[in-house]
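Participant: Here you go, this is data10.txt (compact mmCIF, N, CA and C atoms).
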```txt
# COMPACT_ATOMS: atom_id res chain seq x y z
N PRO A 1 -52.24 99.96 159.78
CA PRO A 1 -51.60 101.24 159.52
C PRO A 1 -52.39 102.13 158.55
N GLU A 2 -53.23 101.52 157.72
CA GLU A 2 -53.96 102.31 156.71
C GLU A 2 -54.89 103.33 157.35
N VAL A 3 -55.59 102.96 158.40
CA VAL A 3 -56.48 103.91 159.09
C VAL A 3 -55.67 105.06 159.66
N ALA A 4 -54.51 104.76 160.23
CA ALA A 4 -53.65 105.80 160.78
C ALA A 4 -53.16 106.74 159.67
N ARG A 5 -52.83 106.18 158.52
CA ARG A 5 -52.41 107.02 157.39
C ARG A 5 -53.55 107.94 156.95
N GLN A 6 -54.78 107.46 157.00
CA GLN A 6 -55.93 108.29 156.64
C GLN A 6 -56.10 109.44 157.64
N VAL A 7 -55.86 109.17 158.91
CA VAL A 7 -55.91 110.23 159.93
C VAL A 7 -54.86 111.28 159.62
N ILE A 8 -53.64 110.84 159.32
CA ILE A 8 -52.54 111.76 158.99
C ILE A 8 -52.89 112.58 157.75
N ALA A 9 -53.51 111.97 156.77
CA ALA A 9 -53.89 112.70 155.55
C ALA A 9 -54.90 113.81 155.87
N GLN A 10 -55.80 113.55 156.80
CA GLN A 10 -56.80 114.55 157.19
C GLN A 10 -56.22 115.62 158.11
N PHE A 11 -55.24 115.22 158.93
CA PHE A 11 -54.64 116.13 159.91
C PHE A 11 -53.12 116.07 159.77
N PRO A 12 -52.56 116.79 158.80
CA PRO A 12 -51.13 116.65 158.48
C PRO A 12 -50.16 117.07 159.59
N ASN A 13 -50.62 117.79 160.59
CA ASN A 13 -49.73 118.16 161.70
C ASN A 13 -49.60 117.05 162.73
N VAL A 14 -50.43 116.04 162.64
CA VAL A 14 -50.35 114.90 163.56
C VAL A 14 -49.17 114.03 163.14
N ARG A 15 -48.34 113.66 164.10
CA ARG A 15 -47.14 112.87 163.80
C ARG A 15 -47.27 111.41 164.23
N LYS A 16 -48.11 111.14 165.24
CA LYS A 16 -48.29 109.78 165.72
C LYS A 16 -49.78 109.51 165.92
N VAL A 17 -50.20 108.28 165.61
CA VAL A 17 -51.58 107.86 165.80
C VAL A 17 -51.55 106.54 166.56
N ALA A 18 -52.29 106.48 167.67
CA ALA A 18 -52.40 105.26 168.46
C ALA A 18 -53.82 104.72 168.34
N ILE A 19 -53.93 103.42 168.13
CA ILE A 19 -55.23 102.77 167.98
C ILE A 19 -55.23 101.51 168.84
N THR A 20 -56.23 101.41 169.73
CA THR A 20 -56.35 100.18 170.52
C THR A 20 -57.04 99.11 169.69
N LEU A 21 -56.67 97.88 169.96
CA LEU A 21 -57.19 96.73 169.22
C LEU A 21 -57.85 95.76 170.21
N ARG A 22 -59.17 95.80 170.26
CA ARG A 22 -59.92 94.95 171.18
C ARG A 22 -60.68 93.89 170.39
N GLU A 23 -60.54 92.66 170.82
CA GLU A 23 -61.36 91.57 170.28
C GLU A 23 -62.22 91.07 171.44
N SER A 24 -63.52 91.27 171.35
CA SER A 24 -64.43 90.84 172.41
C SER A 24 -64.81 89.38 172.18
N ILE A 25 -64.33 88.52 173.05
CA ILE A 25 -64.69 87.10 173.01
C ILE A 25 -66.03 86.92 173.71
N SER A 26 -66.17 87.58 174.86
CA SER A 26 -67.42 87.61 175.61
C SER A 26 -67.40 88.87 176.46
N ALA A 27 -68.43 89.06 177.28
CA ALA A 27 -68.50 90.27 178.11
C ALA A 27 -67.34 90.37 179.09
N ASN A 28 -66.81 89.24 179.53
CA ASN A 28 -65.72 89.30 180.51
C ASN A 28 -64.42 88.69 180.00
N HIS A 29 -64.31 88.49 178.69
CA HIS A 29 -63.08 87.96 178.09
C HIS A 29 -62.80 88.72 176.80
N ASN A 30 -61.71 89.49 176.82
CA ASN A 30 -61.29 90.25 175.64
C ASN A 30 -59.82 89.98 175.36
N ASN A 31 -59.46 90.07 174.09
CA ASN A 31 -58.05 90.14 173.70
C ASN A 31 -57.74 91.61 173.48
N TRP A 32 -56.56 92.05 173.93
CA TRP A 32 -56.28 93.48 173.98
C TRP A 32 -54.86 93.79 173.53
N GLY A 33 -54.73 94.74 172.63
CA GLY A 33 -53.44 95.21 172.17
C GLY A 33 -53.60 96.58 171.54
N ALA A 34 -52.58 97.02 170.82
CA ALA A 34 -52.65 98.34 170.20
C ALA A 34 -51.61 98.48 169.10
N MET A 35 -51.80 99.53 168.30
CA MET A 35 -50.86 99.89 167.25
C MET A 35 -50.51 101.37 167.43
N LEU A 36 -49.24 101.69 167.23
CA LEU A 36 -48.77 103.07 167.23
C LEU A 36 -48.12 103.32 165.88
N TYR A 37 -48.67 104.27 165.16
CA TYR A 37 -48.14 104.61 163.84
C TYR A 37 -47.33 105.89 163.96
N ASP A 38 -46.10 105.87 163.47
CA ASP A 38 -45.21 107.03 163.46
C ASP A 38 -45.11 107.53 162.03
N ALA A 39 -45.74 108.68 161.77
CA ALA A 39 -45.78 109.23 160.41
C ALA A 39 -44.40 109.68 159.94
N GLY A 40 -43.53 110.05 160.87
CA GLY A 40 -42.21 110.53 160.51
C GLY A 40 -41.40 109.53 159.72
N ASN A 41 -41.55 108.26 160.04
CA ASN A 41 -40.81 107.23 159.30
C ASN A 41 -41.73 106.16 158.71
N ASP A 42 -43.03 106.46 158.64
CA ASP A 42 -44.03 105.55 158.07
C ASP A 42 -43.88 104.15 158.65
N GLN A 43 -43.82 104.08 159.98
CA GLN A 43 -43.62 102.80 160.66
C GLN A 43 -44.75 102.55 161.65
N ALA A 44 -45.25 101.33 161.67
CA ALA A 44 -46.29 100.92 162.62
C ALA A 44 -45.69 99.96 163.63
N PHE A 45 -46.00 100.20 164.89
CA PHE A 45 -45.57 99.34 165.99
C PHE A 45 -46.81 98.67 166.56
N PHE A 46 -46.69 97.41 166.94
CA PHE A 46 -47.79 96.68 167.55
C PHE A 46 -47.35 96.14 168.90
N ALA A 47 -48.28 96.04 169.82
CA ALA A 47 -47.98 95.48 171.15
C ALA A 47 -49.24 94.84 171.70
N PRO A 48 -49.05 93.78 172.47
CA PRO A 48 -47.78 93.12 172.81
C PRO A 48 -47.33 92.18 171.70
N LEU A 49 -46.07 91.77 171.81
CA LEU A 49 -45.47 90.83 170.86
C LEU A 49 -45.09 89.55 171.60
N ASP A 50 -45.10 88.43 170.90
CA ASP A 50 -44.63 87.19 171.50
C ASP A 50 -43.11 87.11 171.37
N GLU A 51 -42.54 86.00 171.81
CA GLU A 51 -41.08 85.84 171.78
C GLU A 51 -40.50 85.91 170.38
N SER A 52 -41.32 85.63 169.37
CA SER A 52 -40.87 85.67 167.97
C SER A 52 -41.05 87.04 167.34
N GLY A 53 -41.61 88.00 168.09
CA GLY A 53 -41.83 89.33 167.56
C GLY A 53 -43.13 89.50 166.80
N ASN A 54 -44.03 88.54 166.93
CA ASN A 54 -45.34 88.63 166.28
C ASN A 54 -46.38 89.21 167.24
N TYR A 55 -47.32 89.96 166.69
CA TYR A 55 -48.40 90.52 167.50
C TYR A 55 -49.16 89.39 168.18
N CYS A 56 -49.32 89.51 169.49
CA CYS A 56 -50.00 88.48 170.29
C CYS A 56 -50.73 89.20 171.42
N PRO A 57 -52.00 89.55 171.23
CA PRO A 57 -52.70 90.36 172.22
C PRO A 57 -52.82 89.67 173.58
N TYR A 58 -52.89 90.52 174.62
CA TYR A 58 -53.16 90.00 175.95
C TYR A 58 -54.54 89.37 175.96
N GLN A 59 -54.69 88.29 176.68
CA GLN A 59 -56.00 87.69 176.91
C GLN A 59 -56.46 88.15 178.29
N ILE A 60 -57.44 89.02 178.31
CA ILE A 60 -57.97 89.51 179.59
C ILE A 60 -59.21 88.70 179.91
N ARG A 61 -59.12 87.91 180.95
CA ARG A 61 -60.25 87.08 181.39
C ARG A 61 -60.77 87.64 182.71
N ASN A 62 -62.02 87.43 182.98
CA ASN A 62 -62.63 87.92 184.21
C ASN A 62 -62.51 89.43 184.35
N ILE A 63 -62.90 90.14 183.32
CA ILE A 63 -62.85 91.60 183.33
C ILE A 63 -63.71 92.12 184.46
N VAL A 64 -63.15 93.02 185.26
CA VAL A 64 -63.89 93.64 186.35
C VAL A 64 -64.63 94.87 185.84
N ASP A 65 -63.95 95.71 185.06
CA ASP A 65 -64.57 96.96 184.58
C ASP A 65 -63.78 97.47 183.38
N ARG A 66 -64.47 97.66 182.26
CA ARG A 66 -63.82 98.21 181.06
C ARG A 66 -63.74 99.73 181.11
N VAL A 67 -64.57 100.37 181.93
CA VAL A 67 -64.60 101.83 182.00
C VAL A 67 -63.22 102.33 182.43
N GLY A 68 -62.67 103.25 181.68
CA GLY A 68 -61.37 103.82 181.99
C GLY A 68 -60.22 103.12 181.29
N GLY A 69 -60.50 102.06 180.55
CA GLY A 69 -59.43 101.34 179.86
C GLY A 69 -58.75 102.18 178.80
N GLY A 70 -59.53 102.95 178.06
CA GLY A 70 -58.95 103.84 177.05
C GLY A 70 -58.17 104.98 177.66
N ASP A 71 -58.69 105.52 178.76
CA ASP A 71 -57.97 106.58 179.47
C ASP A 71 -56.65 106.05 180.03
N ALA A 72 -56.67 104.82 180.55
CA ALA A 72 -55.44 104.22 181.07
C ALA A 72 -54.43 104.01 179.94
N PHE A 73 -54.92 103.63 178.76
CA PHE A 73 -54.03 103.48 177.60
C PHE A 73 -53.42 104.83 177.23
N ALA A 74 -54.26 105.85 177.09
CA ALA A 74 -53.77 107.18 176.69
C ALA A 74 -52.80 107.74 177.73
N GLY A 75 -53.17 107.63 179.00
CA GLY A 75 -52.29 108.11 180.06
C GLY A 75 -50.97 107.37 180.09
N GLY A 76 -51.03 106.05 179.91
CA GLY A 76 -49.81 105.25 179.89
C GLY A 76 -48.92 105.61 178.72
N LEU A 77 -49.53 105.87 177.56
CA LEU A 77 -48.74 106.23 176.38
C LEU A 77 -48.09 107.60 176.56
N ILE A 78 -48.84 108.57 177.05
CA ILE A 78 -48.27 109.90 177.29
C ILE A 78 -47.14 109.82 178.31
N PHE A 79 -47.37 109.10 179.41
CA PHE A 79 -46.33 108.95 180.42
C PHE A 79 -45.08 108.32 179.81
N ALA A 80 -45.26 107.23 179.08
CA ALA A 80 -44.11 106.52 178.53
C ALA A 80 -43.36 107.35 177.49
N LEU A 81 -44.08 108.02 176.61
CA LEU A 81 -43.41 108.82 175.57
C LEU A 81 -42.64 110.00 176.16
N THR A 82 -42.99 110.41 177.37
CA THR A 82 -42.31 111.55 178.01
C THR A 82 -41.35 111.10 179.11
N THR A 83 -41.13 109.80 179.24
CA THR A 83 -40.19 109.25 180.22
C THR A 83 -39.01 108.67 179.43
N PRO A 84 -37.82 109.25 179.57
CA PRO A 84 -36.70 108.87 178.70
C PRO A 84 -36.46 107.36 178.56
N GLU A 85 -36.50 106.62 179.65
CA GLU A 85 -36.20 105.19 179.56
C GLU A 85 -37.34 104.36 178.95
N LEU A 86 -38.50 104.99 178.73
CA LEU A 86 -39.65 104.30 178.12
C LEU A 86 -40.03 104.88 176.77
N ALA A 87 -39.36 105.94 176.34
CA ALA A 87 -39.83 106.77 175.22
C ALA A 87 -39.69 106.15 173.83
N GLU A 88 -38.89 105.10 173.68
CA GLU A 88 -38.79 104.45 172.37
C GLU A 88 -40.18 103.95 172.00
N PRO A 89 -40.64 104.18 170.76
CA PRO A 89 -42.04 103.90 170.42
C PRO A 89 -42.54 102.50 170.78
N GLN A 90 -41.77 101.47 170.51
CA GLN A 90 -42.22 100.11 170.84
C GLN A 90 -42.39 99.94 172.34
N THR A 91 -41.44 100.45 173.11
CA THR A 91 -41.50 100.35 174.57
C THR A 91 -42.67 101.16 175.12
N ALA A 92 -42.84 102.37 174.61
CA ALA A 92 -43.95 103.22 175.06
C ALA A 92 -45.29 102.55 174.79
N LEU A 93 -45.43 101.95 173.63
CA LEU A 93 -46.68 101.27 173.30
C LEU A 93 -46.89 100.06 174.21
N ARG A 94 -45.85 99.30 174.45
CA ARG A 94 -45.96 98.15 175.35
C ARG A 94 -46.41 98.59 176.74
N TYR A 95 -45.86 99.71 177.21
CA TYR A 95 -46.23 100.24 178.52
C TYR A 95 -47.71 100.63 178.54
N ALA A 96 -48.16 101.34 177.52
CA ALA A 96 -49.55 101.80 177.47
C ALA A 96 -50.53 100.63 177.43
N VAL A 97 -50.22 99.62 176.63
CA VAL A 97 -51.10 98.46 176.53
C VAL A 97 -51.15 97.71 177.86
N ALA A 98 -50.01 97.54 178.50
CA ALA A 98 -49.98 96.85 179.80
C ALA A 98 -50.75 97.63 180.86
N ALA A 99 -50.59 98.95 180.88
CA ALA A 99 -51.32 99.78 181.85
C ALA A 99 -52.82 99.64 181.65
N SER A 100 -53.25 99.70 180.42
CA SER A 100 -54.67 99.58 180.11
C SER A 100 -55.19 98.18 180.43
N CYS A 101 -54.39 97.20 180.13
CA CYS A 101 -54.77 95.82 180.41
C CYS A 101 -55.01 95.63 181.91
N LEU A 102 -54.12 96.14 182.73
CA LEU A 102 -54.29 96.02 184.18
C LEU A 102 -55.52 96.77 184.66
N LYS A 103 -55.83 97.91 184.03
CA LYS A 103 -57.02 98.68 184.43
C LYS A 103 -58.28 97.84 184.34
N HIS A 104 -58.35 96.91 183.41
CA HIS A 104 -59.54 96.07 183.26
C HIS A 104 -59.81 95.21 184.50
N SER A 105 -58.83 95.10 185.40
CA SER A 105 -59.00 94.31 186.62
C SER A 105 -59.37 95.17 187.83
N ILE A 106 -59.62 96.46 187.60
CA ILE A 106 -59.90 97.41 188.68
C ILE A 106 -61.28 98.01 188.48
N LYS A 107 -62.10 97.98 189.53
CA LYS A 107 -63.44 98.56 189.47
C LYS A 107 -63.33 100.09 189.49
N GLY A 108 -64.14 100.73 188.66
CA GLY A 108 -64.16 102.19 188.62
C GLY A 108 -63.36 102.73 187.45
N ASP A 109 -63.31 104.04 187.39
CA ASP A 109 -62.76 104.74 186.23
C ASP A 109 -61.26 104.98 186.33
N PHE A 110 -60.63 104.71 187.46
CA PHE A 110 -59.23 105.06 187.66
C PHE A 110 -58.34 103.83 187.64
N ASN A 111 -57.14 104.00 187.09
CA ASN A 111 -56.16 102.93 187.09
C ASN A 111 -55.24 103.13 188.28
N TYR A 112 -55.33 102.23 189.24
CA TYR A 112 -54.50 102.33 190.44
C TYR A 112 -53.23 101.49 190.34
N SER A 113 -52.93 100.97 189.17
CA SER A 113 -51.72 100.16 188.99
C SER A 113 -50.48 101.03 189.14
N SER A 114 -49.46 100.47 189.75
CA SER A 114 -48.20 101.18 189.90
C SER A 114 -47.33 100.96 188.66
N ARG A 115 -46.32 101.78 188.53
CA ARG A 115 -45.38 101.61 187.42
C ARG A 115 -44.74 100.23 187.48
N SER A 116 -44.38 99.78 188.68
CA SER A 116 -43.74 98.47 188.79
C SER A 116 -44.69 97.34 188.37
N GLU A 117 -45.99 97.47 188.66
CA GLU A 117 -46.95 96.45 188.22
C GLU A 117 -47.05 96.43 186.70
N VAL A 118 -47.07 97.61 186.10
CA VAL A 118 -47.14 97.69 184.63
C VAL A 118 -45.89 97.08 184.02
N GLU A 119 -44.73 97.43 184.55
CA GLU A 119 -43.48 96.90 184.01
C GLU A 119 -43.36 95.39 184.23
N LYS A 120 -43.93 94.89 185.31
CA LYS A 120 -43.92 93.44 185.55
C LYS A 120 -44.74 92.73 184.48
N LEU A 121 -45.90 93.28 184.12
CA LEU A 121 -46.70 92.68 183.06
C LEU A 121 -45.95 92.77 181.73
N MET A 122 -45.29 93.90 181.47
CA MET A 122 -44.51 94.05 180.23
C MET A 122 -43.43 92.98 180.12
N ALA A 123 -42.85 92.62 181.24
CA ALA A 123 -41.73 91.66 181.26
C ALA A 123 -42.21 90.22 181.38
N GLY A 124 -43.51 90.00 181.27
CA GLY A 124 -44.11 88.68 181.47
C GLY A 124 -43.62 87.63 180.50
N SER A 125 -44.24 86.50 180.57
CA SER A 125 -43.81 85.32 179.83
C SER A 125 -44.04 85.40 178.33
N GLY A 126 -44.88 86.34 177.89
CA GLY A 126 -45.21 86.41 176.47
C GLY A 126 -46.35 85.48 176.10
N SER A 127 -46.95 84.84 177.09
CA SER A 127 -48.06 83.92 176.83
C SER A 127 -49.33 84.67 176.45
N GLY A 128 -49.38 85.96 176.80
CA GLY A 128 -50.58 86.74 176.53
C GLY A 128 -51.62 86.63 177.62
N ARG A 129 -51.40 85.78 178.59
CA ARG A 129 -52.36 85.58 179.67
C ARG A 129 -52.08 86.58 180.78
N VAL A 130 -53.10 87.31 181.20
CA VAL A 130 -52.96 88.30 182.26
C VAL A 130 -53.46 87.71 183.56
N VAL A 131 -52.59 87.70 184.55
CA VAL A 131 -52.95 87.24 185.88
C VAL A 131 -52.63 88.35 186.85
N ARG A 132 -53.62 88.71 187.66
CA ARG A 132 -53.38 89.78 188.62
C ARG A 132 -53.78 89.32 189.98
```
Translate the structure described by the file into structure tokens.
Facilitator:
Amino acid sequence: PEVARQVIAQFPNVRKVAITLRESISANHNNWGAMLYDAGNDQAFFAPLDESGNYCPYQIRNIVDRVGGGDAFAGGLIFALTTPELAEPQTALRYAVAASCLKHSIKGDFNYSSRSEVEKLMAGSGSGRVVR
């Protein structure tokens, strides 16, 4: 959250800051998650979470293409924040991370995942393992 607070200090009109969290294990194995900071209530949200509510990044194995992963995250977050049933910050962040995670399994710059595929990953076992 400290980096997000620094962004808010530099740009006081910004109300939310999203930061992706990538841990590169190898070229085709990454752990993937994100943080959404809400300046209005000084609260940071992390996704994905395990059954206990602790941050537990997705394990993306056999990455097909990283290109477009950030765009998929941003697009997923914008979509979720503007969709009433997904707009709660934790849910919106979970949606964005899942959308981006699925994009890593698609060749090219575009995320062809459907909303139902993203929501299926969101509702997964919490193991952090992505299977597509």
Participant: CA of Asp42 in chain A and CA of Ala74 in chain A, how far apart in Å?
Facilitator: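 Computing the Euclidean distance for CA of Ala74 in chain A and CA of Asp42 in chain A yields 21.1 Å.
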Participant: Quick one: residues within 8 Å of range 80-92 of chain A, only C-alpha atoms counted, chain neighbours fewer than 2 positions away excluded, as a list in words?
Facilitator: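 So, after excluding close chain neighbours, the residues are Leu36, Phe45, Phe46, Ala47, Gly76, Leu77, Ile78, Arg94, Tyr95 and Ala96 of chain A.
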Participant: Could you save those same residues with N, CA and C atoms as a CSV table (one decimal), in the frame of the given file?
Facilitator:
```csv
chain,number,residue,atom,x,y,z
A,36,LEU,N,-49.2,101.7,167.2
A,36,LEU,CA,-48.8,103.1,167.2
A,36,LEU,C,-48.1,103.3,165.9
A,45,PHE,N,-46.0,100.2,164.9
A,45,PHE,CA,-45.6,99.3,166.0
A,45,PHE,C,-46.8,98.7,166.6
A,46,PHE,N,-46.7,97.4,166.9
A,46,PHE,CA,-47.8,96.7,167.6
A,46,PHE,C,-47.4,96.1,168.9
A,47,ALA,N,-48.3,96.0,169.8
A,47,ALA,CA,-48.0,95.5,171.2
A,47,ALA,C,-49.2,94.8,171.7
A,76,GLY,N,-51.0,106.0,179.9
A,76,GLY,CA,-49.8,105.2,179.9
A,76,GLY,C,-48.9,105.6,178.7
A,77,LEU,N,-49.5,105.9,177.6
A,77,LEU,CA,-48.7,106.2,176.4
A,77,LEU,C,-48.1,107.6,176.6
A,78,ILE,N,-48.8,108.6,177.0
A,78,ILE,CA,-48.3,109.9,177.3
A,78,ILE,C,-47.1,109.8,178.3
A,94,ARG,N,-45.8,99.3,174.4
A,94,ARG,CA,-46.0,98.2,175.4
A,94,ARG,C,-46.4,98.6,176.7
A,95,TYR,N,-45.9,99.7,177.2
A,95,TYR,CA,-46.2,100.2,178.5
A,95,TYR,C,-47.7,100.6,178.5
A,96,ALA,N,-48.2,101.3,177.5
A,96,ALA,CA,-49.6,101.8,177.5
A,96,ALA,C,-50.5,100.6,177.4
```
Participant: Just the number, please: distance in Å from CA of Asn111 in chain A to CA of Asn62 in chain A, one decimal.
Facilitator: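 Between these atoms lies a distance of 16.6 Å.
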Participant: So, with only C-alpha atoms as the atoms that count, which of A:Glu23, A:Asp109, A:Asp38, A:Glu2 lies closest to Leu93 in chain A?
Facilitator: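 Smallest distance to Leu93 in chain A is found for A:Asp38.
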Participant: Taking the DSSP secondary structure from the backbone, can you list the residues of chain A that are helix (DSSP H, G or I), as a PyMOL selection string?
Facilitator: chain A and resi 2-10+69-81+84-86+89-103+115-122
Participant: So what do you get for CA of Lys107 in chain A versus atom N of Gly68 in chain A, distance-wise?
Facilitator: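 Distance between the two atoms: 9.1 Å.
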Participant: So that I can check the surroundings of range 102-105 of chain A, please list as a list in words every protein, DNA and RNA residue that reaches within 7 Å of it, counting only N, CA and C atoms and ignoring chain neighbours fewer than 4 positions away.
Facilitator: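 These residues fall inside the cut-off: Asn62, Ile63, Val64, Asp65, Arg66, Val67, Gly68, Gly69, Ala72, Val97, Ala98, Phe110, Asn111, Tyr112 and Ser113 of chain A.
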Participant: Find the residue from A:Cys101, A:Ala39, A:Trp32, A:Gly108 that sits nearest to Gln59 in chain A; use all atoms listed in the file when measuring.
Facilitator: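 The closest residue to Gln59 in chain A is A:Trp32.
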Participant: If we count only C-alpha atoms and set the cut-off at 12 Å, which residues sit around Val7 in chain A, ignoring sequence neighbours fewer than 2 positions away in its own chain? Please answer as a list of chain:residue names.
Facilitator: A:Pro1, A:Glu2, A:Val3, A:Ala4, A:Arg5, A:Ala9, A:Gln10, A:Phe11, A:Pro12, A:Asn13, A:Val14, A:Arg15, A:Lys16, A:Val17, A:Ala18, A:Ile19, A:Tyr37, A:Asp38, A:Ala39
Participant: Set up a box along x, y and z of the file covering all listed atoms of range 50-59 of chain A, add 8 Å on every one of the six sides, and write the centre and edge lengths in Å to one decimal, as JSON.
Facilitator:
```
{"center_x": -48.5, "center_y": 88.1, "center_z": 172.3, "size_x": 32.0, "size_y": 20.9, "size_z": 28.0}
```
Participant: From a backbone DSSP assignment, name each residue in range 8-99 of chain A labelled strand (DSSP E or B), as an mmCIF file with N, CA and C atoms, keeping the file's coordinate frame.
Facilitator:
```cif
data_model
loop_
_atom_site.group_PDB
_atom_site.id
_atom_site.type_symbol
_atom_site.label_atom_id
_atom_site.label_comp_id
_atom_site.auth_asym_id
_atom_site.auth_seq_id
_atom_site.Cartn_x
_atom_site.Cartn_y
_atom_site.Cartn_z
ATOM 1 N N LYS A 16 -48.110 111.140 165.240
ATOM 2 C CA LYS A 16 -48.290 109.780 165.720
ATOM 3 C C LYS A 16 -49.780 109.510 165.920
ATOM 4 N N VAL A 17 -50.200 108.280 165.610
ATOM 5 C CA VAL A 17 -51.580 107.860 165.800
ATOM 6 C C VAL A 17 -51.550 106.540 166.560
ATOM 7 N N ALA A 18 -52.290 106.480 167.670
ATOM 8 C CA ALA A 18 -52.400 105.260 168.460
ATOM 9 C C ALA A 18 -53.820 104.720 168.340
ATOM 10 N N ILE A 19 -53.930 103.420 168.130
ATOM 11 C CA ILE A 19 -55.230 102.770 167.980
ATOM 12 C C ILE A 19 -55.230 101.510 168.840
ATOM 13 N N THR A 20 -56.230 101.410 169.730
ATOM 14 C CA THR A 20 -56.350 100.180 170.520
ATOM 15 C C THR A 20 -57.040 99.110 169.690
ATOM 16 N N LEU A 21 -56.670 97.880 169.960
ATOM 17 C CA LEU A 21 -57.190 96.730 169.220
ATOM 18 C C LEU A 21 -57.850 95.760 170.210
ATOM 19 N N ARG A 22 -59.170 95.800 170.260
ATOM 20 C CA ARG A 22 -59.920 94.950 171.180
ATOM 21 C C ARG A 22 -60.680 93.890 170.390
ATOM 22 N N GLU A 23 -60.540 92.660 170.820
ATOM 23 C CA GLU A 23 -61.360 91.570 170.280
ATOM 24 C C GLU A 23 -62.220 91.070 171.440
ATOM 25 N N SER A 24 -63.520 91.270 171.350
ATOM 26 C CA SER A 24 -64.430 90.840 172.410
ATOM 27 C C SER A 24 -64.810 89.380 172.180
ATOM 28 N N ILE A 25 -64.330 88.520 173.050
ATOM 29 C CA ILE A 25 -64.690 87.100 173.010
ATOM 30 C C ILE A 25 -66.030 86.920 173.710
ATOM 31 N N SER A 26 -66.170 87.580 174.860
ATOM 32 C CA SER A 26 -67.420 87.610 175.610
ATOM 33 C C SER A 26 -67.400 88.870 176.460
ATOM 34 N N HIS A 29 -64.310 88.490 178.690
ATOM 35 C CA HIS A 29 -63.080 87.960 178.090
ATOM 36 C C HIS A 29 -62.800 88.720 176.800
ATOM 37 N N ASN A 30 -61.710 89.490 176.820
ATOM 38 C CA ASN A 30 -61.290 90.250 175.640
ATOM 39 C C ASN A 30 -59.820 89.980 175.360
ATOM 40 N N ASN A 31 -59.460 90.070 174.090
ATOM 41 C CA ASN A 31 -58.050 90.140 173.700
ATOM 42 C C ASN A 31 -57.740 91.610 173.480
ATOM 43 N N TRP A 32 -56.560 92.050 173.930
ATOM 44 C CA TRP A 32 -56.280 93.480 173.980
ATOM 45 C C TRP A 32 -54.860 93.790 173.530
ATOM 46 N N GLY A 33 -54.730 94.740 172.630
ATOM 47 C CA GLY A 33 -53.440 95.210 172.170
ATOM 48 C C GLY A 33 -53.600 96.580 171.540
ATOM 49 N N ALA A 34 -52.580 97.020 170.820
ATOM 50 C CA ALA A 34 -52.650 98.340 170.200
ATOM 51 C C ALA A 34 -51.610 98.480 169.100
ATOM 52 N N MET A 35 -51.800 99.530 168.300
ATOM 53 C CA MET A 35 -50.860 99.890 167.250
ATOM 54 C C MET A 35 -50.510 101.370 167.430
ATOM 55 N N LEU A 36 -49.240 101.690 167.230
ATOM 56 C CA LEU A 36 -48.770 103.070 167.230
ATOM 57 C C LEU A 36 -48.120 103.320 165.880
ATOM 58 N N TYR A 37 -48.670 104.270 165.160
ATOM 59 C CA TYR A 37 -48.140 104.610 163.840
ATOM 60 C C TYR A 37 -47.330 105.890 163.960
ATOM 61 N N ASP A 38 -46.100 105.870 163.470
ATOM 62 C CA ASP A 38 -45.210 107.030 163.460
ATOM 63 C C ASP A 38 -45.110 107.530 162.030
ATOM 64 N N GLN A 43 -43.820 104.080 159.980
ATOM 65 C CA GLN A 43 -43.620 102.800 160.660
ATOM 66 C C GLN A 43 -44.750 102.550 161.650
ATOM 67 N N ALA A 44 -45.250 101.330 161.670
ATOM 68 C CA ALA A 44 -46.290 100.920 162.620
ATOM 69 C C ALA A 44 -45.690 99.960 163.630
ATOM 70 N N PHE A 45 -46.000 100.200 164.890
ATOM 71 C CA PHE A 45 -45.570 99.340 165.990
ATOM 72 C C PHE A 45 -46.810 98.670 166.560
ATOM 73 N N PHE A 46 -46.690 97.410 166.940
ATOM 74 C CA PHE A 46 -47.790 96.680 167.550
ATOM 75 C C PHE A 46 -47.350 96.140 168.900
ATOM 76 N N ALA A 47 -48.280 96.040 169.820
ATOM 77 C CA ALA A 47 -47.980 95.480 171.150
ATOM 78 C C ALA A 47 -49.240 94.840 171.700
ATOM 79 N N LEU A 49 -46.070 91.770 171.810
ATOM 80 C CA LEU A 49 -45.470 90.830 170.860
ATOM 81 C C LEU A 49 -45.090 89.550 171.600
ATOM 82 N N TYR A 55 -47.320 89.960 166.690
ATOM 83 C CA TYR A 55 -48.400 90.520 167.500
ATOM 84 C C TYR A 55 -49.160 89.390 168.180
ATOM 85 N N TYR A 58 -52.890 90.520 174.620
ATOM 86 C CA TYR A 58 -53.160 90.000 175.950
ATOM 87 C C TYR A 58 -54.540 89.370 175.960
ATOM 88 N N GLN A 59 -54.690 88.290 176.680
ATOM 89 C CA GLN A 59 -56.000 87.690 176.910
ATOM 90 C C GLN A 59 -56.460 88.150 178.290
ATOM 91 N N ILE A 60 -57.440 89.020 178.310
ATOM 92 C CA ILE A 60 -57.970 89.510 179.590
ATOM 93 C C ILE A 60 -59.210 88.700 179.910
ATOM 94 N N ARG A 61 -59.120 87.910 180.950
ATOM 95 C CA ARG A 61 -60.250 87.080 181.390
ATOM 96 C C ARG A 61 -60.770 87.640 182.710
#
```
